[in-house]
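**Student:** Take this structure first; my questions come after.
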Amino acid sequence: MKTMIQKIEESSNYLNKQGVETGAIGIILGTGLGNLIDHLEIEKEIPFEAIPHFQSATVEYHTGKLIYGSLNSKKVLVFQGRFHLYEGYDFFEITYPVRIMNSLGVKKLIISNAAGAINLNFDKGEIMLIEDHINLQGGSPLAGKGIDSLGNRFVDMSEPYDRSLKDKAIKIAATKKITLHKGVYAAVVGPQLETKAEYRYLKIIGADAVGMSTVPEVIVANQLGIDCIAFSVLTDVCDPDNLQPIDIPNIMEMAKKAEQSLIVLVKQLISLI
């Protein structure tokens, strides 16, 4: 049975042979944010299932491709789609793309996700810059056997999101007149959405938005010394006193509404990295 290190090396070697160079900026795209790809000069497009030891994306709205190319003259390594705990993957599988990026020399990581707005001062179709998070997924990608072979387990999380990248994003949003909220992201398991009582609980403990991803990847990025920044596209408003039934088409519509602003933000941010 192959070790975690062997698996990572085989995946990285395969990507090197495909022409993926080291040192690119890493990007993980979440639900409804795939159109950033239209702005890339694509050099390589590789399905997840073609990469040794990689999983296949199972979520309907996630394409499941690794795309290598350039954006604003910077090399980027884009994971179009991600893996979730609710799909049955373990934390090593969920965070495997981050470990591959590290092996390929990625030092900066941009992450996006779709989330529900707990903070009622936020509105759907807007963007939240994640300043901090709460892990409610019942586990950690650093808790498995053998993980210490991949880096220090006892990772400092006093500032998991890079201050310099956050400051740049805030300045870009102000210049471009993009509404960019700042807040705390709570990561839950899902895939069901929350009850009214759960939304009240999330508000009490300090969450501004809730979703089902991102935190495991950020934990591993911090373990590996990768500077990261993350954005939530707010697709619905989670008001427990006026809670509406889930409307997936509307959620996707709200993701698309915010997408153009987030694309502007990410393109400008990459220019400054």
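Numbering starts fresh at 1 for the residues of each chain in the structure tokens, the chains themselves are lettered A, B, ... in the order given, and ligands are numbered from 1 as they appear.
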Contacts of Gln18 (chain A) at 10 Å or less, counting only C-alpha atoms, minus same-chain residues fewer than 5 places along, as a PyMOL selection string?

**Tutor:** chain A and resi 12-13+43-46+68

**Student:** Based on the backbone DSSP call, show me all residues of region 46-228 of chain A assigned strand (DSSP E or B), as a PyMOL selection string.

**Tutor:** chain A and resi 46-47+65-71+74-80+108-117+127-135+180-187+209-211+227-228

**Student:** Got time to write the residues from that selection, C-alpha atoms, as a PDB file, in the first residue's frame?

**Tutor:**
```pdb
ATOM      1  CA  ILE A  46      -6.764  17.774 -17.113  1.00  0.00           C
ATOM      2  CA  PRO A  47      -9.814  15.893 -15.724  1.00  0.00           C
ATOM      3  CA  LYS A  65     -10.902  19.684 -13.885  1.00  0.00           C
ATOM      4  CA  LEU A  66      -7.429  20.977 -13.194  1.00  0.00           C
ATOM      5  CA  ILE A  67      -6.575  23.867 -15.474  1.00  0.00           C
ATOM      6  CA  TYR A  68      -3.089  25.286 -15.898  1.00  0.00           C
ATOM      7  CA  GLY A  69      -2.426  28.545 -17.698  1.00  0.00           C
ATOM      8  CA  SER A  70      -1.978  32.276 -17.302  1.00  0.00           C
ATOM      9  CA  LEU A  71      -4.154  35.052 -15.906  1.00  0.00           C
ATOM     10  CA  LYS A  74       0.746  35.173 -13.968  1.00  0.00           C
ATOM     11  CA  LYS A  75       0.851  31.377 -14.022  1.00  0.00           C
ATOM     12  CA  VAL A  76      -2.171  29.873 -12.288  1.00  0.00           C
ATOM     13  CA  LEU A  77      -3.141  26.345 -11.276  1.00  0.00           C
ATOM     14  CA  VAL A  78      -6.927  26.204 -11.048  1.00  0.00           C
ATOM     15  CA  PHE A  79      -8.961  23.404  -9.491  1.00  0.00           C
ATOM     16  CA  GLN A  80     -12.402  23.768 -11.048  1.00  0.00           C
ATOM     17  CA  LYS A 108      -0.312  31.667  -2.705  1.00  0.00           C
ATOM     18  CA  LEU A 109      -3.821  30.204  -2.711  1.00  0.00           C
ATOM     19  CA  ILE A 110      -7.156  31.828  -3.576  1.00  0.00           C
ATOM     20  CA  ILE A 111     -10.318  29.950  -2.558  1.00  0.00           C
ATOM     21  CA  SER A 112     -13.971  30.640  -3.327  1.00  0.00           C
ATOM     22  CA  ASN A 113     -17.169  29.048  -2.081  1.00  0.00           C
ATOM     23  CA  ALA A 114     -20.914  29.526  -1.951  1.00  0.00           C
ATOM     24  CA  ALA A 115     -22.383  30.267   1.471  1.00  0.00           C
ATOM     25  CA  GLY A 116     -25.548  31.324   3.231  1.00  0.00           C
ATOM     26  CA  ALA A 117     -25.623  34.717   4.934  1.00  0.00           C
ATOM     27  CA  ILE A 127     -19.394  38.701  -1.534  1.00  0.00           C
ATOM     28  CA  MET A 128     -17.825  38.145   1.882  1.00  0.00           C
ATOM     29  CA  LEU A 129     -14.097  38.146   2.497  1.00  0.00           C
ATOM     30  CA  ILE A 130     -13.439  35.420   5.064  1.00  0.00           C
ATOM     31  CA  GLU A 131     -11.479  36.920   7.958  1.00  0.00           C
ATOM     32  CA  ASP A 132     -11.762  33.916  10.263  1.00  0.00           C
ATOM     33  CA  HIS A 133     -13.603  30.628  10.495  1.00  0.00           C
ATOM     34  CA  ILE A 134     -15.300  28.158  12.828  1.00  0.00           C
ATOM     35  CA  ASN A 135     -14.748  24.458  12.124  1.00  0.00           C
ATOM     36  CA  LEU A 180     -17.090  43.265  -0.032  1.00  0.00           C
ATOM     37  CA  HIS A 181     -18.271  42.259   3.411  1.00  0.00           C
ATOM     38  CA  LYS A 182     -15.841  40.916   5.977  1.00  0.00           C
ATOM     39  CA  GLY A 183     -16.814  38.145   8.349  1.00  0.00           C
ATOM     40  CA  VAL A 184     -16.532  34.714   9.942  1.00  0.00           C
ATOM     41  CA  TYR A 185     -17.292  31.563   7.936  1.00  0.00           C
ATOM     42  CA  ALA A 186     -18.687  28.488   9.689  1.00  0.00           C
ATOM     43  CA  ALA A 187     -17.978  25.157   7.994  1.00  0.00           C
ATOM     44  CA  ALA A 209     -21.911  32.954   6.823  1.00  0.00           C
ATOM     45  CA  VAL A 210     -22.201  29.171   6.656  1.00  0.00           C
ATOM     46  CA  GLY A 211     -21.030  26.645   4.075  1.00  0.00           C
ATOM     47  CA  ASP A 227      -0.576  32.087   2.131  1.00  0.00           C
ATOM     48  CA  CYS A 228      -4.303  31.938   1.461  1.00  0.00           C
TER      49      CYS A 228
END
```

**Student:** Using only C-alpha atoms, pick whichever of A:Asp123, A:Asp162, A:Asp38, A:Asp90 has the shortest atom-to-atom distance to Ile263 (chain A).

**Tutor:**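 When distances to Ile263 (chain A) are compared using only C-alpha atoms, the smallest one comes from A:Asp38.
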
**Student:** Nearest residue to Leu269 (chain A) out of A:Leu40, A:Val215, A:Phe48, A:Ile172, using only C-alpha atoms?

**Tutor:**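 Closest candidate: A:Ile172.
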
**Student:** Choose the residue, out of A:Gly190, A:Pro216, A:Gly146, A:Gly139, that has the smallest atom-to-atom separation from Pro97 (chain A); count only C-alpha atoms.

**Tutor:**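 Using only C-alpha atoms, the shortest distance to Pro97 (chain A) belongs to A:Pro216.
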
**Student:** Tell me which of A:Thr175, A:Ser73, A:Asn102, A:Asn242 sits closest to Ile42 (chain A), counting only C-alpha atoms.

**Tutor:**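 Looking only at the distances to Ile42 (chain A), the closest residue turns out to be A:Ser73.
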
**Student:** Can you pull out the residues contacting Ile100 (chain A)? Cut-off 8 Å, using only C-alpha atoms, and skip same-chain residues under 4 positions away; I want them as a compact mmCIF listing (two decimals) with C-alpha atoms, in the first residue's frame.

**Tutor:**
```txt
# COMPACT_ATOMS: atom_id res chain seq x y z
CA ILE A 8 1.56 13.00 -3.66
CA SER A 11 0.41 12.90 -8.74
CA SER A 12 2.95 15.73 -8.92
CA TYR A 96 -5.30 16.46 -1.53
CA LEU A 104 4.26 21.91 -7.26
```
